[in-house]
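Shown next, in structure tokens, is the structure this report addresses.
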Amino acid sequence: MAGTDTEISALNSRAREHAAALDAVRSGMETVIIGQQAVIDQVLAAVLAGGHALLEGVPGIAKTLTISTLAHCLDCTFARIQFTPDLLPADITGTRIYDRHTAAFRTIQGPIFHQIILADEINRAPPKVQSALLEAMQERQVTIQGETYPLPRPFFVLATQNPLESEGTYPLPEAQLDRFMLKIQMDYPTLDEEVAILDRFTAGDQPGSPVPVLDAAGLAALRSFVRSVYADPGVKRYAAQLVDATRHPAEYGLDLGPMIASGASPRASLALLLCGKAHAVLAGRGYVVPDDIRALAPAVLRHRVLLTFEAEADDLTSEEIVRKILAVVEVP
């Protein structure tokens with residue numbers, strides 16, 4: 001029977017071993033990235049849970065550096081794709097060309113055929129290009145002129161967007177946003193962290209790439225273990241209630257009905273529980289507690305709660321709605 005003391009004790013023992021490896025990944029990233037511990041943990045949670053992440057932050061805040069450093073720590077191949085208005089789907093997926101030396105067509109694979117992808121400023125590319133990337137994210141494969149090619153494993157996409165500029169952008173439709181397991185917000189560093197950044201990057205040699213800590217096989221084993229982490233039925237119900245409250249707020253004593261145009265789908269519940277399991281492993285536990293769910297709930301739900309015009313007119317954000325839901329739904 002799942003959830004016995006013996007099984008949970010065994011899961012805890014394995015979780016502590018995996019947590020030690022993940023602590024080494026964190027330490028490697030922190031040799032380059034100063035601060036942003038919450039962002040690092042959320043990115044790691046998305047990777048461990050097998051999803052993808054959307055990272056939002058102003059320019060110059062180390063979004064690109066964060067994901068490239070992660071790729072070094074995980075010893076994964078890495079590609080950065082700069083999304084621009086003139087980008088074509090074939091620029092991402094690849095194409096077939098005629099080779100006159102062999103008198104035959106051959107396939108040129110695009111940058112999507114790497115293990116970790118940075119889709120920089122995804123909202124600057126037209127919808128057809130965004131769809132090409134999102135299809136690869138969902139299906140883990142690419143079709144080039146009728147032939148299907150599997151993408152390498154592990155496969156993780158971190159897309160970025162600049163929240164300040166809207167001119168010349170193509171905002172992601174809600175259905176595409178929902179494909180991202182987490183929407184992570186990257187804030188400015190504190191004053192002390194910014195002074196440390198000046199010390200690290202303006203004196204002496206620039207920080208080198210961190211030493212690889214895990215490899216593809218190790219990450220695959222971690223992802224498999226995350227799914228085996230124990231979640232009590234009460235914790236599962238709590239995750240489902242948080243998502244259900246975005247659809248039926250009145251049933252939880254929340255007067256938010258006129259503010260929510262559409263609540264989160266079951267994909268949010270799946271993401272919430274998987275990320276909760278990943279968060280538990282990062283903490284060295286083989287079982288999920290409600291705080292694991294609460295820690296990742298804003299990142300899982302903030303892009304899945306659609307607001308009405310009335311909410312926007314009142315300057316109410318989805319972040320505030322999630323905060324109200326977390327404050328009201330009873331913790332088991």
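Naming works like this for the structure tokens: A, B, ... for the chains as they're shown, residue 1 at the start of each chain, ligands 1 onward in shown order.
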
Show which residues sit within 8 Å of stretch 246-257 of chain A, as a list in words. Count only C-alpha atoms, and ignore same-chain residues fewer than 6 positions away.
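Near stretch 246-257 of chain A, the qualifying residues are Gly263, Ala264, Val305, Ile321, Val322, Ile325, Val328 and Val329 of chain A.
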
So which residues touch A:Leu48 within 8 Å, counting only C-alpha atoms, skipping near sequence neighbours fewer than 3 positions away, as a PyMOL selection string?
chain A and resi 44-45+51+219+222-223+226+275+278

Which of these, A:Arg267, A:Lys324, A:Arg294, A:Arg124, has the shortest distance to A:Thr160 once you count only C-alpha atoms?
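Closest to A:Thr160 of all the choices is A:Arg124.
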
Determine, for each residue of stretch 102-190 of chain A having at least one atom at most 9 Å from an atom of stretch 32-36 of chain A, the closest pair of atoms and their separation in Å to one decimal, counting only C-alpha atoms; order by chain and ascending number, as a Markdown table.
| residue | atom | partner | partner_atom | distance |
| --- | --- | --- | --- | --- |
| A:Met186 | CA | A:Gln36 | CA | 7.5 |
| A:Asp187 | CA | A:Gln36 | CA | 8.0 |
| A:Tyr188 | CA | A:Gln36 | CA | 8.8 |
| A:Pro189 | CA | A:Gly35 | CA | 6.7 |
| A:Thr190 | CA | A:Gly35 | CA | 8.2 |

With only C-alpha atoms as the basis for distance, which of A:Ile97, A:Leu272, A:Ala313, A:Leu214 is at the shortest distance from A:Leu301?
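Of all the options, A:Leu272 lies closest to A:Leu301.
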
Pick out the closest residue to A:Thr148 from this set: A:Thr107, A:His114, A:Gly50, A:Leu11. Count only C-alpha atoms.
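So, comparing all the options, the nearest one is A:Thr107.
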
Mind the document's chain letters and residue numbers, and return as a PDB file with C-alpha atoms, in the first residue's frame the residues of stretch 129-197 of chain A that DSSP labels strand (DSSP E or B).
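Writing done, so here's part.pdb:
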ATOM      1  CA  GLN A 141       9.103  16.006 -31.921  1.00  0.00           C
ATOM      2  CA  VAL A 142       9.364  18.057 -35.105  1.00  0.00           C
ATOM      3  CA  THR A 143       7.946  17.389 -38.558  1.00  0.00           C
ATOM      4  CA  ILE A 144      10.019  18.710 -41.451  1.00  0.00           C
ATOM      5  CA  GLU A 147       9.222  13.493 -41.930  1.00  0.00           C
ATOM      6  CA  THR A 148       9.058  13.346 -38.140  1.00  0.00           C
ATOM      7  CA  TYR A 149      12.164  13.637 -35.972  1.00  0.00           C
ATOM      8  CA  PRO A 150      12.239  13.073 -32.189  1.00  0.00           C
ATOM      9  CA  PHE A 156      13.440  21.906 -21.768  1.00  0.00           C
ATOM     10  CA  VAL A 157      12.350  25.286 -23.133  1.00  0.00           C
ATOM     11  CA  LEU A 158      12.656  28.509 -21.200  1.00  0.00           C
ATOM     12  CA  ALA A 159      11.003  31.372 -23.055  1.00  0.00           C
ATOM     13  CA  THR A 160      11.487  34.984 -22.032  1.00  0.00           C
ATOM     14  CA  GLN A 161       9.444  38.075 -22.589  1.00  0.00           C
ATOM     15  CA  LEU A 182       5.336  27.863 -14.840  1.00  0.00           C
ATOM     16  CA  LYS A 183       5.393  31.583 -15.446  1.00  0.00           C
ATOM     17  CA  ILE A 184       8.327  32.874 -13.412  1.00  0.00           C
ATOM     18  CA  GLN A 185       8.792  36.544 -12.600  1.00  0.00           C
TER      19      GLN A 185
END
